[in-house]
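Undergrad: My questions all concern the structure below.
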Amino acid sequence: MVAGDLQRLPEGRGRVRRISQTPPVDHNPPRKSHKKLQVVICVLLVELCERFSFFGIVCNMIIFCTVKLGYDNYLAATVNLCFIGASTLTPVLVGWFAETCLERTKVLYLCALLHFFGTAMLPVVAFPFEDFYIDTHHMTHKLKPLEQQILFYVGLLAAALGIGGIRAVLCPLGAYSLQSYNQHQLLSFFNWFYWLVNLNSMVVFLGIAYIQQSVAQNLGFLIPFTSVLLALIAIHMMRNKLTYKPKKGGSLLTTLGVFLNSSKMCCLHYRHLSGDVASWLDRAKENNGGRYSETDVENVKVLMKLFPLYGLQLLYRACMAQIPSGYYIQTMNSNLHLNNVLLPIAAMNVVSILPLLLLAPLMEFAATCLLSVAKTPLAPAKVITLGHACAALSVLVAGLFELHRKTYPQVEQTLSGKVLHVSSMPCFQLAPQYILLGVAEALVTPACSLISFQLTPSHIRGISLHFLTLSYGGGCFLGALIVQLGYFCSGGNFYPSTLHDGNLERFFFLLASLMAINTLVFWKVSYRYLDLSVRGKAVTSGALTDKLLRYKATLSFYDTVEHLSIDSVL
């Protein structure tokens, strides 16, 4: 049928309509473009403010905990890692809460207020009361250590919940329309997405780290508080257009319920006679006596293929967590002076960000050139294996540099008003270990996102990315657990309060050995993720699916489908 033919409506009342392939003319494109630009600017502003508040808390937390609160190195590293892990996990938990319990706009406001409260507590803890609050009897009013710690932990918890809520509700990764992208386009999107995130992080690190350590010291905690105020204003201005409602198609509770119900039914199977099934998860299906529909169980079976990928990211993330913990402590105990200028400790984090900023465009250019000559780029699974090897090598190099650092004589160095005895080795000699971790991050994170997105059906891609996020947050907690075990099992030798008197290099060697084993295991199972050409299919009831697919094919034949998608129907 050609364009311009007439077709009668099914009512048979003589009405006709003209089918045309020409789309309707949009008479208001400037207005729509202007509104879209406003939303984009507002999202970028809120993202920038959220990053400012997050890195404003993280970048110098260890020096604050050790110098101002008197914590040992292992405890300061544990607190920092737990805060990063909680901030990574809360988007998943708050996102589930927003879908099931409260409206997303209300959750956004609630989390923004929690973030505001948490960032307001931190300046109270860090504020130098002895310089400002002296009564008529010339008595200095200081917070008691217990009160200071309570305010500190309450502020961190509220800030972590607030950060998670903003990330979950305000245009998360699933809000981008990626359904029609091919593999190269998806990898390109993830590369540039994380490139922009890290560019933002570099700007924040350079600014906040210098202000907190060199200019305002403890008053630098006012920066997160101020940035949250700006984020609240931006959210209130565009609140109706910033909240993203994801597709329905499963949840973490449903996935966990399928595993528990399958385990329960398997136990009953061994006690009582029942039929055999192809997979132990099939026992959770309703037709086998379980509690869940066939769709839910089949979705979990698809996700099961990705669980090795998620699990093997835990130790990798524990290695990446050394940048704000073990590497930070190493840098803090090295010579930070450059031409009589005291460099901020967190400025070394920029060294780990630079490889990602340089590699992402180069990898994009290389992939485009290979595709132009009909060659296939390196598979994402192989790229992840290479990144894991770089992470293991980075921790190994950190242990070798720690041995080298202790051979230098000690000098005095003033940090946040306290004189510390540190190694005279320049901190820039630690750059190779930072660079290797930056290369690992540039290789691993976009490839993991691509595999998680590509190997799952469209209606459960959100939960697939949630599991990947859980592995990232869990890796931070695993890093904190390894720090605690290393400290207590070695009697404080593996994570000493004074690095010159202990053996921090043994902790790095232990972590490098574990990461090398992790890399070998991933290399063994990587064959599962080499073929990404076949995407997961939606699992629904057969009869209805067939009818809808035939209906879509018929409409497509007559060129009358422009916005209909069978995925949205299913």
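Ligands are numbered from 1 in the order shown, chains are lettered A, B, ... in the order of the structure tokens, and residues start at 1 in each chain.
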Find the residues around Ser471 in chain A up to 7 Å (only C-alpha atoms counted), leave out those fewer than 3 positions away in its own chain, and share them as a list of chain:residue names.

TA: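 Using only C-alpha atoms, the neighbours found are A:Tyr310, A:Gly311, A:Gln313, A:Leu314, A:Phe467, A:Leu468, A:Gly474, A:Gly475.
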
Undergrad: Would you save the residues of that selection, restricted to N, CA and C atoms, as a compact mmCIF listing (two decimals), in the first residue's frame?

TA:
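Saved file result-v5.txt follows:
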```txt
# COMPACT_ATOMS: atom_id res chain seq x y z
N TYR A 310 29.31 -9.83 38.52
CA TYR A 310 29.10 -8.97 39.68
C TYR A 310 30.01 -9.36 40.84
N GLY A 311 30.10 -10.67 41.11
CA GLY A 311 30.89 -11.12 42.25
C GLY A 311 32.37 -10.82 42.10
N GLN A 313 33.68 -8.38 40.63
CA GLN A 313 33.96 -6.94 40.72
C GLN A 313 34.19 -6.49 42.16
N LEU A 314 33.84 -7.32 43.14
CA LEU A 314 33.97 -6.93 44.54
C LEU A 314 35.43 -6.65 44.90
N PHE A 467 22.31 -4.40 40.34
CA PHE A 467 23.22 -5.42 40.87
C PHE A 467 24.67 -5.00 40.64
N LEU A 468 24.95 -4.38 39.50
CA LEU A 468 26.30 -3.90 39.26
C LEU A 468 26.68 -2.82 40.27
N GLY A 474 29.49 -2.93 47.51
CA GLY A 474 29.98 -4.05 48.30
C GLY A 474 31.49 -4.15 48.28
N GLY A 475 32.11 -3.75 47.17
CA GLY A 475 33.56 -3.76 47.10
C GLY A 475 34.20 -2.80 48.09
```

Undergrad: Excluding range 500-503 of chain A and residues on its chain fewer than 4 positions from it, collect all residues at most 10 Å away from it, counting only C-alpha atoms, and give them as a ChimeraX atom specification.

TA: /A:333,399,402-403,405-407,410,421-423,490,492-496,507-508

Undergrad: Since we have the selection now, will you write its residues out, keeping N, CA, C and O atoms, as an mmCIF file, in the first residue's frame?

TA:
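Output contents, as saved in result14.cif:
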```cif
data_model
loop_
_atom_site.group_PDB
_atom_site.id
_atom_site.type_symbol
_atom_site.label_atom_id
_atom_site.label_comp_id
_atom_site.auth_asym_id
_atom_site.auth_seq_id
_atom_site.Cartn_x
_atom_site.Cartn_y
_atom_site.Cartn_z
ATOM 1 N N ASN A 333 52.028 10.524 54.231
ATOM 2 C CA ASN A 333 53.297 10.298 54.926
ATOM 3 C C ASN A 333 54.496 10.454 54.004
ATOM 4 O O ASN A 333 55.571 9.923 54.300
ATOM 5 N N GLY A 399 53.063 -1.626 46.982
ATOM 6 C CA GLY A 399 53.868 -2.292 47.998
ATOM 7 C C GLY A 399 55.356 -2.073 47.785
ATOM 8 O O GLY A 399 56.113 -1.839 48.746
ATOM 9 N N GLU A 402 56.233 1.409 48.778
ATOM 10 C CA GLU A 402 56.224 1.573 50.230
ATOM 11 C C GLU A 402 57.562 1.131 50.817
ATOM 12 O O GLU A 402 58.093 1.774 51.741
ATOM 13 N N LEU A 403 58.139 0.048 50.302
ATOM 14 C CA LEU A 403 59.478 -0.354 50.733
ATOM 15 C C LEU A 403 60.504 0.718 50.388
ATOM 16 O O LEU A 403 61.404 1.027 51.193
ATOM 17 N N ARG A 405 59.863 3.931 49.949
ATOM 18 C CA ARG A 405 59.569 5.164 50.688
ATOM 19 C C ARG A 405 60.211 5.153 52.071
ATOM 20 O O ARG A 405 60.694 6.190 52.554
ATOM 21 N N LYS A 406 60.267 3.999 52.703
ATOM 22 C CA LYS A 406 60.803 3.914 54.064
ATOM 23 C C LYS A 406 62.324 4.010 54.101
ATOM 24 O O LYS A 406 62.900 4.158 55.192
ATOM 25 N N THR A 407 62.971 3.926 52.955
ATOM 26 C CA THR A 407 64.439 4.071 52.940
ATOM 27 C C THR A 407 64.859 5.534 53.017
ATOM 28 O O THR A 407 66.037 5.816 53.293
ATOM 29 N N GLN A 410 63.412 10.728 57.550
ATOM 30 C CA GLN A 410 62.175 11.403 57.929
ATOM 31 C C GLN A 410 62.414 12.895 58.107
ATOM 32 O O GLN A 410 63.487 13.340 58.530
ATOM 33 N N HIS A 421 55.858 13.528 61.329
ATOM 34 C CA HIS A 421 57.134 13.028 60.834
ATOM 35 C C HIS A 421 56.849 12.124 59.635
ATOM 36 O O HIS A 421 56.237 11.063 59.772
ATOM 37 N N VAL A 422 57.288 12.554 58.473
ATOM 38 C CA VAL A 422 56.985 11.838 57.238
ATOM 39 C C VAL A 422 58.280 11.544 56.502
ATOM 40 O O VAL A 422 59.350 12.077 56.815
ATOM 41 N N SER A 423 58.165 10.682 55.486
ATOM 42 C CA SER A 423 59.312 10.364 54.647
ATOM 43 C C SER A 423 59.647 11.553 53.748
ATOM 44 O O SER A 423 58.760 12.279 53.297
ATOM 45 N N SER A 490 47.365 -8.978 62.175
ATOM 46 C CA SER A 490 48.799 -8.692 62.246
ATOM 47 C C SER A 490 49.176 -7.917 63.494
ATOM 48 O O SER A 490 50.345 -7.543 63.644
ATOM 49 N N GLY A 492 48.295 -4.889 64.201
ATOM 50 C CA GLY A 492 48.560 -3.504 63.819
ATOM 51 C C GLY A 492 49.751 -3.333 62.914
ATOM 52 O O GLY A 492 50.056 -2.202 62.501
ATOM 53 N N ASN A 493 50.439 -4.419 62.538
ATOM 54 C CA ASN A 493 51.648 -4.303 61.726
ATOM 55 C C ASN A 493 51.335 -4.027 60.257
ATOM 56 O O ASN A 493 52.074 -3.302 59.579
ATOM 57 N N PHE A 494 50.227 -4.607 59.730
ATOM 58 C CA PHE A 494 49.894 -4.437 58.326
ATOM 59 C C PHE A 494 49.270 -3.070 58.023
ATOM 60 O O PHE A 494 49.282 -2.642 56.871
ATOM 61 N N TYR A 495 48.719 -2.427 59.016
ATOM 62 C CA TYR A 495 48.108 -1.110 58.827
ATOM 63 C C TYR A 495 48.472 -0.237 60.024
ATOM 64 O O TYR A 495 47.632 0.118 60.846
ATOM 65 N N PRO A 496 49.734 0.141 60.139
ATOM 66 C CA PRO A 496 50.200 0.821 61.359
ATOM 67 C C PRO A 496 49.770 2.282 61.424
ATOM 68 O O PRO A 496 49.481 2.910 60.407
ATOM 69 N N PHE A 507 50.405 -5.451 53.512
ATOM 70 C CA PHE A 507 48.981 -5.345 53.205
ATOM 71 C C PHE A 507 48.766 -5.213 51.695
ATOM 72 O O PHE A 507 47.889 -5.869 51.125
ATOM 73 N N PHE A 508 49.592 -4.388 51.045
ATOM 74 C CA PHE A 508 49.466 -4.228 49.599
ATOM 75 C C PHE A 508 49.813 -5.524 48.863
ATOM 76 O O PHE A 508 49.154 -5.881 47.873
#
```

Undergrad: Calculated over only C-alpha atoms, which of the candidates A:Ala86, A:Leu108, A:Val203, A:Ala431 has the smallest distance to Ala158 in chain A?

TA: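 Ranking A:Ala86, A:Leu108, A:Val203, A:Ala431 by distance to Ala158 in chain A, first place goes to A:Ala86.
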
Undergrad: What's the 9 Å shell around Glu441 in chain A, counting only C-alpha atoms, without same-chain residues fewer than 2 positions away, as a PyMOL selection string?

TA: chain A and resi 320+352-353+355-356+387-388+391+436-439+443-446

Undergrad: From a DSSP calculation on the backbone, collect every residue of range 315-407 of chain A in strand (DSSP E or B) and output the set as JSON, numbers by chain.

TA: {"A": [335, 337, 338, 341, 342]}

Undergrad: Which polymer residues have any atom within 12 Å of an atom of Leu362 in chain A, counting only C-alpha atoms, with same-chain residues fewer than 3 positions away left out, as a PyMOL selection string?

TA: chain A and resi 188+191-192+195+355-359+365-369+442-443

Undergrad: Give me, as a list in words, all polymer residues having an atom no more than 8 Å from Asn80 in chain A, counting only C-alpha atoms and skipping those fewer than 4 positions away in the same chain.

TA: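 Selected residues are Val58, Met61, Ile62, Ala76, Ile84, Pro324 and Ser325 of chain A.
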
Undergrad: Looking at only C-alpha atoms, which of A:Asp531, A:Val483, A:Ile345, A:Lys382 is the one that sits closest to Val79 in chain A?

TA: A:Val483

Undergrad: According to DSSP computed on the backbone, where in range 283-474 of chain A is there alpha helix (DSSP H)? Give the residues as a PyMOL selection string.

TA: chain A and resi 294-304+307-320+326-332+349-372+380-405+431-454+461-474

Undergrad: For the atom pair CA of Ile63 in chain A and CA of Leu415 in chain A, what is the interatomic distance in Å to one decimal place?

TA: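 Interatomic distance, CA of Ile63 in chain A to CA of Leu415 in chain A: 8.2 Å.
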
Undergrad: Considering only C-alpha atoms, state which residue in the set A:Leu386, A:Leu89, A:Ile460, A:Ile166 is at the smallest distance from Thr105 in chain A.

TA: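 For Thr105 in chain A, the nearest of the candidates is A:Ile166.
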
Undergrad: Please, what distance in Å, to one decimal, runs between CA of Leu113 in chain A and CA of Val125 in chain A?

TA: 18.9 Å

Undergrad: Can you tell me which residues surround Gly326 in chain A at a distance of at most 9 Å, considering only C-alpha atoms, apart from same-chain residues fewer than 5 positions away, and format the answer as an mmCIF file with N, CA, C and O atoms, in the first residue's frame?

TA:
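See selection_20.cif below for the written result:
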```cif
data_model
loop_
_atom_site.group_PDB
_atom_site.id
_atom_site.type_symbol
_atom_site.label_atom_id
_atom_site.label_comp_id
_atom_site.auth_asym_id
_atom_site.auth_seq_id
_atom_site.Cartn_x
_atom_site.Cartn_y
_atom_site.Cartn_z
ATOM 1 N N ASN A 73 45.154 5.040 61.660
ATOM 2 C CA ASN A 73 45.029 4.991 60.202
ATOM 3 C C ASN A 73 44.000 3.973 59.736
ATOM 4 O O ASN A 73 43.205 4.240 58.831
ATOM 5 N N TYR A 74 44.003 2.791 60.349
ATOM 6 C CA TYR A 74 43.079 1.740 59.905
ATOM 7 C C TYR A 74 41.635 2.140 60.156
ATOM 8 O O TYR A 74 40.743 1.856 59.334
ATOM 9 N N ALA A 77 40.630 4.886 57.612
ATOM 10 C CA ALA A 77 40.385 4.284 56.300
ATOM 11 C C ALA A 77 39.064 3.525 56.285
ATOM 12 O O ALA A 77 38.317 3.569 55.291
ATOM 13 N N ALA A 321 39.318 1.124 45.895
ATOM 14 C CA ALA A 321 39.085 1.878 47.132
ATOM 15 C C ALA A 321 40.379 2.251 47.834
ATOM 16 O O ALA A 321 40.347 3.009 48.811
ATOM 17 N N THR A 331 50.508 8.784 50.657
ATOM 18 C CA THR A 331 50.822 10.133 50.195
ATOM 19 C C THR A 331 50.927 11.101 51.368
ATOM 20 O O THR A 331 51.798 11.991 51.371
ATOM 21 N N TYR A 495 48.719 -2.427 59.016
ATOM 22 C CA TYR A 495 48.108 -1.110 58.827
ATOM 23 C C TYR A 495 48.472 -0.237 60.024
ATOM 24 O O TYR A 495 47.632 0.118 60.846
ATOM 25 N N LEU A 504 53.152 -1.623 55.958
ATOM 26 C CA LEU A 504 51.994 -1.436 55.102
ATOM 27 C C LEU A 504 52.170 -2.150 53.763
ATOM 28 O O LEU A 504 51.186 -2.556 53.139
ATOM 29 N N PHE A 508 49.592 -4.388 51.045
ATOM 30 C CA PHE A 508 49.466 -4.228 49.599
ATOM 31 C C PHE A 508 49.813 -5.524 48.863
ATOM 32 O O PHE A 508 49.154 -5.881 47.873
#
```
